[in-house]
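S.K.: Please see the structure below; I have some questions.
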Amino acid sequence: MTKKQKNVLCRIIIAAALMTALPFVPAEGWTRFVLYLIPYFVIGYDILRKAALGIVHGKVFDENFLMAVATVGAMLLGLYRETRGLEGEFAEGVAVMLFYQIGELFQSVAVGRSRKNITALMDIRPDYANLEDADGALKQVDPDDVETGSVIVVRPGEKIPIDGVVVEGSSSLNTSALTGESVPRQVEAGQEVVSGCVNLTGLLKIRTTKEFGESTVSKILDLVENSSMKKARAENFITKFARYYTPAVCGSALALAVLPPVWNLLLGNPAGFSTWLIRALTFLVISCPCALVISIPLSFFGGIGGASACGILVKGSNYLEALAKTRYVVFDKTGTLTKGVFQVTEIHPSHGFLEKEENREDGGAGEKERDRENAAKKLLEYAACAESYSSHPISKSLKEAYGKEIPSGSAANVEEIGGYGVRAVVGGKAVAAGNRRLMEKLGLAWEEPKMAGTVVHVAVEGEYAGYILISDVVKEQAAEAVRALKAVGVKRTVMLTGDSEKAALQAAEALGLDQVESELLPADKVEAVERLLAGKGAGEQLVFVGDGINDAPVLSRADIGVAMGALGSDAAIEAADIVLMDDNPMKLALAMRISKKCLRIVYENIVFALTVKAACLVLGAVGIANMWVAIFADVGVMVLAVLNAIRCLKVNGKRCSAI
Amino acid sequence: MKKTYRIEVDCANCALKMEEAARKVDGVADALVSFMTQKMKVEFAEGADQGSVMAAVRKACKKVESDCEVYLD
């Protein structure tokens, strides 16, 4: 509790004690009034002061004013009866103030707690960095004071404070604070590391490449902190609502206090001023808009906090709100649905090559499968060796698939033919590896693969030996992700790609996508998204998911731009509205589920608070509800709404790493 | 020119009132108050003197919500 809260608690206790004691004091008339004024002022002086200040500043209609009018009214009414020789009811006025303060205190503590919980969840801010002295001693400094290029030491259990490159040591890192992923990541000397990860096992020395303020951890914190400033429509609605609501309620209360008695007088009945005044005051207490005003931003903030614990950064409540209404999801292919790394996916030795290899091996008949495997290995070896001098990505994929170290002298007389391929002598045999134009040039017949991708045809000793297919690999979770999106209400999934139609259709079929547009240039992608935007219904949202590196224009054109695999990529974090820190496409469906839950809670709160208030207002106006009901309608509803809002923090009751 | 200031405010509605009040101050192009993070982000108008503008913002906020605080450091 803060000092202010403790102070209020003291006043509540004193006032409550006085209230318990006062009924036993034998006093009448003015004395009794003055005695009750003591707890009244103890508990309510600040409300009265604020109400007075509000009137002075011309801002009358706020909750302080409501409370002041209600309680002062009740006190004066008591005095009126007391001076007439009747027994006045002072306790009610003081009690209203007392319970209002208890409610306020509870709210302030509850909100403060949940705010702290949420910020703690997002608190990945490192407190210090270790700099090494000339004599090897470690010195803790503020991360802000570390210059770019200095070497910092991160011990096991510490957070990496600043982005950099490992210069010494190896370790595994826990990235869960950034990605929500619990599998540790291995790092060794020469690798880049991002701030915010926790060093688990070994001592690391890191040369910083950025200042603290430019590091991933600072950027993410900035982003999340600013996210609550972009307000959702529901929040703006409440702001507007409160602006008209309070004056309207005050007006109604005034009418309730004045009109029925006047009407009674006109009809010649007793006026009943005091009855209607009490009803008007009850009405005022019920009407406080706090429950709504507090619970809605809290819900959104909780949702954003819960999402960020799962490695989903939402840049504003408005995006979290819009995400629930997503009906169209447009994917970029490379790096989003596929891994974006090219791998050897098929090795196809030709018939002739197979026969030759079989003869050579003299393998037992019937072991065709093993022969085929051996032939494939041989084919890959020829191609990998022939291409070993090339720095082309294809050569890299071949080498990776081959897996073994290629001795530097394994290919001789290497001749690169631009636009065709390579010719070389490998193990005493003339090998040619390249595209079909190379085969044409050599006058050889080649086979066409069934699958899409980049093809390397290989010829050995002037005879066609087969082809090796290199293609992008679809992510393991991609098909499941598409299904999960459908399950949370997405109508149409679309893939945009610059790849060939064949490759695009093949991937789309494997993933169960609804629509594919292939062979697109970056500008065509924007056009494609615009066509989809024009075709969607009102209130439906279109999400574009990309890797955030070369699709910034599309990201900004879509209703919601989502960048994936953004850990360590500043450009992606800047460009997108929602950032998925790791590259698991399942996270998008998870984000939608979080958004839906959050929105459901927001609507629950709006409906619940307004219903209870409306019911109590009506009951208050006709005199059924008394001050105690009024207090529940104000404080009770607010507390329930706040407790409900806090549920947003939890993602489906589970920790997100379990999903 | 944008700058973020730490604030102290008790209720969400008061934060909204502070935001409105800050926006009306001369020299403030835009102001955003986050009740959740207890921060106020102020975008200054071209050529405005930050010190005096912020003093005015603080005064305006105090006027609408006497319990609030804006830390100017």
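As shown in the structure tokens, the chain order sets the letters A, B, ...; within each chain, residues go from 1, and ligands are also counted from 1 in the order they appear.
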Using only C-alpha atoms, select each residue of chain B with any atom at most 9 Å away from an atom of chain A, and give the selection as an mmCIF file with C-alpha atoms, in the first residue's frame.
M.R.:
data_model
loop_
_atom_site.group_PDB
_atom_site.id
_atom_site.type_symbol
_atom_site.label_atom_id
_atom_site.label_comp_id
_atom_site.auth_asym_id
_atom_site.auth_seq_id
_atom_site.Cartn_x
_atom_site.Cartn_y
_atom_site.Cartn_z
ATOM 1 C CA ASP B 10 -5.496 7.169 -8.675
ATOM 2 C CA CYS B 11 -8.401 6.534 -10.962
ATOM 3 C CA ALA B 12 -8.844 5.835 -14.630
ATOM 4 C CA ASN B 13 -11.425 8.525 -15.101
ATOM 5 C CA LEU B 16 -8.809 10.741 -18.852
ATOM 6 C CA LEU B 32 -1.655 10.778 -24.078
ATOM 7 C CA VAL B 33 -2.062 9.481 -20.568
ATOM 8 C CA SER B 34 -1.708 5.830 -19.710
ATOM 9 C CA PHE B 35 -3.311 5.061 -16.397
ATOM 10 C CA MET B 36 -1.900 1.551 -16.479
ATOM 11 C CA THR B 37 1.729 2.500 -16.800
ATOM 12 C CA LYS B 39 2.861 7.749 -17.776
ATOM 13 C CA LYS B 41 3.378 11.217 -23.284
ATOM 14 C CA LYS B 63 -6.891 21.826 -11.597
ATOM 15 C CA VAL B 64 -8.984 18.938 -12.887
ATOM 16 C CA GLU B 65 -7.672 16.384 -10.411
ATOM 17 C CA SER B 66 -6.126 17.853 -7.301
ATOM 18 C CA ASP B 67 -4.715 14.488 -6.196
#
S.K.: Give me the residues near Val42 (chain B) as JSON, numbers by chain, where near means some atom within 8 Å (using only C-alpha atoms) and where sequence neighbours in that chain fewer than 2 positions away do not count.
M.R.: {"B": [2, 3, 4, 5, 28, 29, 30, 31, 32, 40, 44]}
S.K.: Keeping only C-alpha atoms, take the residues you just selected and write them out as a compact mmCIF listing (two decimals), in the first residue's frame.
M.R.:
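Once everything was written out, this is again.txt:
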# COMPACT_ATOMS: atom_id res chain seq x y z
CA LYS B 2 7.79 13.87 -27.87
CA LYS B 3 8.58 13.22 -24.27
CA THR B 4 7.28 10.85 -21.64
CA TYR B 5 6.70 11.88 -18.04
CA VAL B 28 1.02 20.90 -26.54
CA ALA B 29 0.35 19.30 -29.90
CA ASP B 30 -0.94 16.09 -28.41
CA ALA B 31 -0.98 14.36 -25.04
CA LEU B 32 -1.66 10.78 -24.08
CA MET B 40 2.05 10.81 -19.79
CA PHE B 44 5.17 19.52 -28.06
S.K.: Apply DSSP to the structure's backbone, then extract all residues of chain B labelled strand (DSSP E) and return them as an NGL selection string.
M.R.: :B and (2-8 or 28-34 or 39-44 or 69-70)
S.K.: Mind checking DSSP for region 304-473 of chain A and telling me the helix (DSSP H, G or I) residues as an NGL selection string?
M.R.: :A and (304-309 or 317-323 or 333-337 or 351-361 or 368-386 or 393-402 or 436-442)
S.K.: Using only C-alpha atoms, which protein or nucleic acid residues come within 8 Å of Val53 (chain B)? Drop anything in the same chain fewer than 6 positions from it, and give the result as a list of chain:residue names.
M.R.: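 Everything that qualifies: B:Val25, B:Asp26, B:Gly27, B:Val28.
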S.K.: Using only C-alpha atoms for the distances, tell me which of B:Cys14, B:Ala45, B:Met1, B:Ile7 is nearest to Val70 (chain B).
M.R.: B:Ile7
S.K.: Check the smallest atom-to-atom distance from each of B:Cys61, B:Ala55, B:Asp73, B:Cys68 to Glu20 (chain B) using only C-alpha atoms, then report the winner.
M.R.: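 For Glu20 (chain B), the nearest of the given residues is B:Cys61.
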